[in-house]
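Some notes on the structure that comes next.
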Amino acid sequence: MALFLLCLVPVLRLAWPFYMLLTSGYSPALTGNPVEYITHYTGTWTIRFLLITLCVTPLRKIFNQPRLVRYRRMLGLFAFFYVCLHFMTWFILDKSFSLSDMWADVVKRRFITMGMLGFALLLPLAITSTAGWVRRLGFVRWQRLHRLIYFAALAGVIHYCWLVKSDERLPLMYGAILAVLMAYRFYVWRQTAGPRSATTPRTASLPG
Amino acid sequence: MLIRKPADLHYSDVTPKQMYVNRRRFLASSLAFGALAGTARGSMKLGDFKKTSYNADGEKPTPLEVITHYNNYYEFGTDKGDPAQNSKNFRTSPWTLKVEGEVGKPMSFDQDSLLKIAPLEERIYRHRCTERWSIVVPWIGFPLASLLKQVEPGPKAKYVAFETYYDTKQMLSSRSAGINFPYVEGLRLDEAMHPLALLAVGLYGDTLPNQDGAPIRLVVPWKYGYKSAKSLVKIRLVEKQPPTTWNLSAPNEYGFYSNVNPHVDHPRWSQAKERRLGDLFNRDTLMFNGYPEVASLYTGMDLRKYY
């Protein structure tokens, strides 16, 4: 519950400035361009939540805290929640609900193509996040499907990189964090899939 | 309160740095216009300027708060809010603007004389950024042409190159910002001579806030915002097309001309629409940002090729 509320903090922080914007027409916290600010803000939090979700498995293994896995679904769903806000801000306020305008951008702008790809990859994960779907798919297939999060996170980082005009320090920082998290997984996979795997306990059975 | 300039005061007489920084406001406020005491930090009332018919078709200017807190001034940081924060102690005094190159009479201006180059006038212009946002700004300045005429362009002068202030001690490194400094821009001579091209020294009745390009900047309202270089230190008349910063950074995205054109997209986004800061929804972008009088500068040119 505490974690749930903590995950809501980023969006709740927008509430008061947004109210000010609607009532007085200007809110310093949202800058002179509130639509762009909210779009970037929710986009950034999507990438952060994807990376936080991807931290669960390494933390669980390194600190031997199997219980951490309980939080993974919620964190992943929060990434989905923020990407929905991100998408809706863009679709409603930038594209004015126009599907044709949206499609034109998706086809023509590679950073939007990449963003939409990331969004599309997260959709099946959100849908199949329930216990019922794990049962229906079978754990192995469900696990394989949920490895899509790696590609969604990568798409998110590339989407961000391609968006910025010149200062790539922030997107590259998120890219570096993702690289470390993926390198850890590769390392564990090498350890368990290597010749000594027969004697290693199968701890890598859960996807990250 | 009327502040007179003490005749024998030199910058070097003022030793403590903090005093020195404040002193510039003192000095600058005693300019030709019988200026009044300073208002907000850094900006002072400009005394005499005439109103003009340039009024952005009657549209209400964007609030000062937005104009001063939503800036692209990469030397002071790449986030829109950075320049307001990081330019607070920017020293615009002493200042030198040099006008040189293919001219009969090279000239040099210090901070005081910048405001006396030509009579000041207020012009309310639309300002359209390549990033698809726009504002309406009540600039105060004078036509660039009136300065160029004073230096007497020579027969070889075909272009005007602008260079802006750069100081690693007060500003970001090129590497962090991702573009080369000092920031350079350029115009064709006939573009520079067009009556719309302005050198601005103020906005909203005051001298320019630091984050908006103090003490003097270019304003070319029919071109994307990055053409309107801030904090100018050098204007050179040259024979060949000069390099421009964003063109050097990404030549396929930013050309030399950079005219506002809803029909020519940026490779990464459409330029057909824009968001006027303060609006929730987008509006159509106008050809030449709604200044059709410049069209004759480009007759016969393929504006897709010369973007």
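Residue numbers start at 1 in each chain; chains themselves are named A, B, ... in the order of the structure tokens; ligands are numbered from 1 in the order shown.
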Q: Determine, counting only C-alpha atoms, which protein, DNA and RNA residues have an atom within 12 Å of an atom of Glu122 in chain B; residues of the same chain fewer than 2 positions away are not included. Present the result as a PyMOL selection string.
A: chain B and resi 46-56+119-120+124-125+137-143+198-207
Hey, list the chain B side of the contact with chain A: 6 Å cut-off, only C-alpha atoms, answer as an mmCIF file with N, CA and C atoms, in the first residue's frame.
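Contents of selection.cif, freshly written:
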data_model
loop_
_atom_site.group_PDB
_atom_site.id
_atom_site.type_symbol
_atom_site.label_atom_id
_atom_site.label_comp_id
_atom_site.auth_asym_id
_atom_site.auth_seq_id
_atom_site.Cartn_x
_atom_site.Cartn_y
_atom_site.Cartn_z
ATOM 1 N N VAL B 66 6.033 34.157 -18.950
ATOM 2 C CA VAL B 66 6.276 33.040 -19.870
ATOM 3 C C VAL B 66 7.485 33.345 -20.759
ATOM 4 N N TYR B 70 10.612 30.510 -20.305
ATOM 5 C CA TYR B 70 10.513 29.423 -21.281
ATOM 6 C C TYR B 70 11.455 29.797 -22.414
ATOM 7 N N ALA B 177 26.111 21.112 -23.991
ATOM 8 C CA ALA B 177 24.948 21.615 -24.727
ATOM 9 C C ALA B 177 24.727 20.835 -26.015
ATOM 10 N N GLY B 178 25.780 20.234 -26.538
ATOM 11 C CA GLY B 178 25.640 19.467 -27.766
ATOM 12 C C GLY B 178 25.705 20.305 -29.038
ATOM 13 N N ARG B 268 11.876 15.415 -38.231
ATOM 14 C CA ARG B 268 11.316 14.654 -37.113
ATOM 15 C C ARG B 268 9.920 15.092 -36.710
ATOM 16 N N LEU B 277 2.083 29.528 -26.817
ATOM 17 C CA LEU B 277 2.173 29.283 -25.378
ATOM 18 C C LEU B 277 1.014 29.966 -24.681
ATOM 19 N N PHE B 281 -4.576 23.893 -27.310
ATOM 20 C CA PHE B 281 -4.540 23.188 -28.587
ATOM 21 C C PHE B 281 -3.665 23.916 -29.603
#
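Omitting Thr92 in chain B and its sequence neighbours fewer than 6 positions away, and counting only C-alpha atoms, the residues within 9 Å are B:Arg24, B:Gln111, B:Asn210, B:Ala214, B:Pro215, B:Ser231.
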The selected residues should be written to file as a tab-separated table (two decimals), in the first residue's frame (atoms: C-alpha atoms).
chain	number	residue	atom	x	y	z
B	24	ARG	CA	26.12	48.12	-14.01
B	111	GLN	CA	26.71	49.15	-23.68
B	210	ASN	CA	19.45	38.25	-19.55
B	214	ALA	CA	20.65	40.94	-23.15
B	215	PRO	CA	21.95	43.44	-23.98
B	231	SER	CA	23.65	38.63	-26.83
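Between CA of Ile67 in chain B and CA of His86 in chain A the interatomic distance comes to 25.8 Å.
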### Query
as a PyMOL selection string, which residues of chain A does DSSP assign to alpha helix (DSSP H)?
chain A and resi 2-24+34-62+72-89+99-108+110-127+131-137+139-145+148-163+169-193
Restricting to only C-alpha atoms, whichever of B:Tyr291, B:Ser87, B:Glu239, B:Trp246 is closest to Tyr226 in chain B is B:Trp246
Find the spatial neighbours of Ala295 in chain B, counting only C-alpha atoms, within a cut-off of 12 Å - ignore same-chain residues fewer than 6 positions away - and output them as a list in words. Glu191, His194, Trp222, Lys223, Asn259, Val260, Asn261, Met287, Phe288, Asn289, Met301 and Leu303 of chain B
Between B:Thr130, B:Ser249, B:Ser228, B:Thr78, smallest distance to Thr285 in chain B by only C-alpha atoms belongs to B:Thr130
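Distance annotation: of A:Leu170, A:Ala183, A:Cys161, A:Ala153, the residue with the minimal separation from Asp79 in chain B is A:Leu170; atom set is only C-alpha atoms.
The residue that comes closest to Leu50 in chain A, out of A:Leu172, A:Met114, A:Ile149, A:Leu181 and on the basis of only C-alpha atoms, is A:Ile149.
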Taking only C-alpha atoms into account, produce a table as CSV in which each residue of range 110-214 of chain B with an atom at most 12 Å from an atom of range 251-258 of chain B appears once, together with its shortest atom pair and the distance in Å to one decimal, ordered by chain and rising number.
residue,atom,partner,partner_atom,distance
B:Arg128,CA,B:Ser258,CA,11.0
B:Cys129,CA,B:Ser258,CA,10.4
B:Thr130,CA,B:Ser258,CA,8.7
B:Glu131,CA,B:Glu253,CA,11.5
B:Tyr159,CA,B:Phe256,CA,11.4
B:Ala161,CA,B:Phe256,CA,11.4
B:Val184,CA,B:Phe256,CA,11.2
B:Glu185,CA,B:Phe256,CA,8.5
B:Gly186,CA,B:Phe256,CA,7.5
B:Leu187,CA,B:Tyr257,CA,7.6
B:Arg188,CA,B:Tyr257,CA,8.7
B:Glu191,CA,B:Tyr257,CA,9.8
B:Ala192,CA,B:Tyr257,CA,11.9
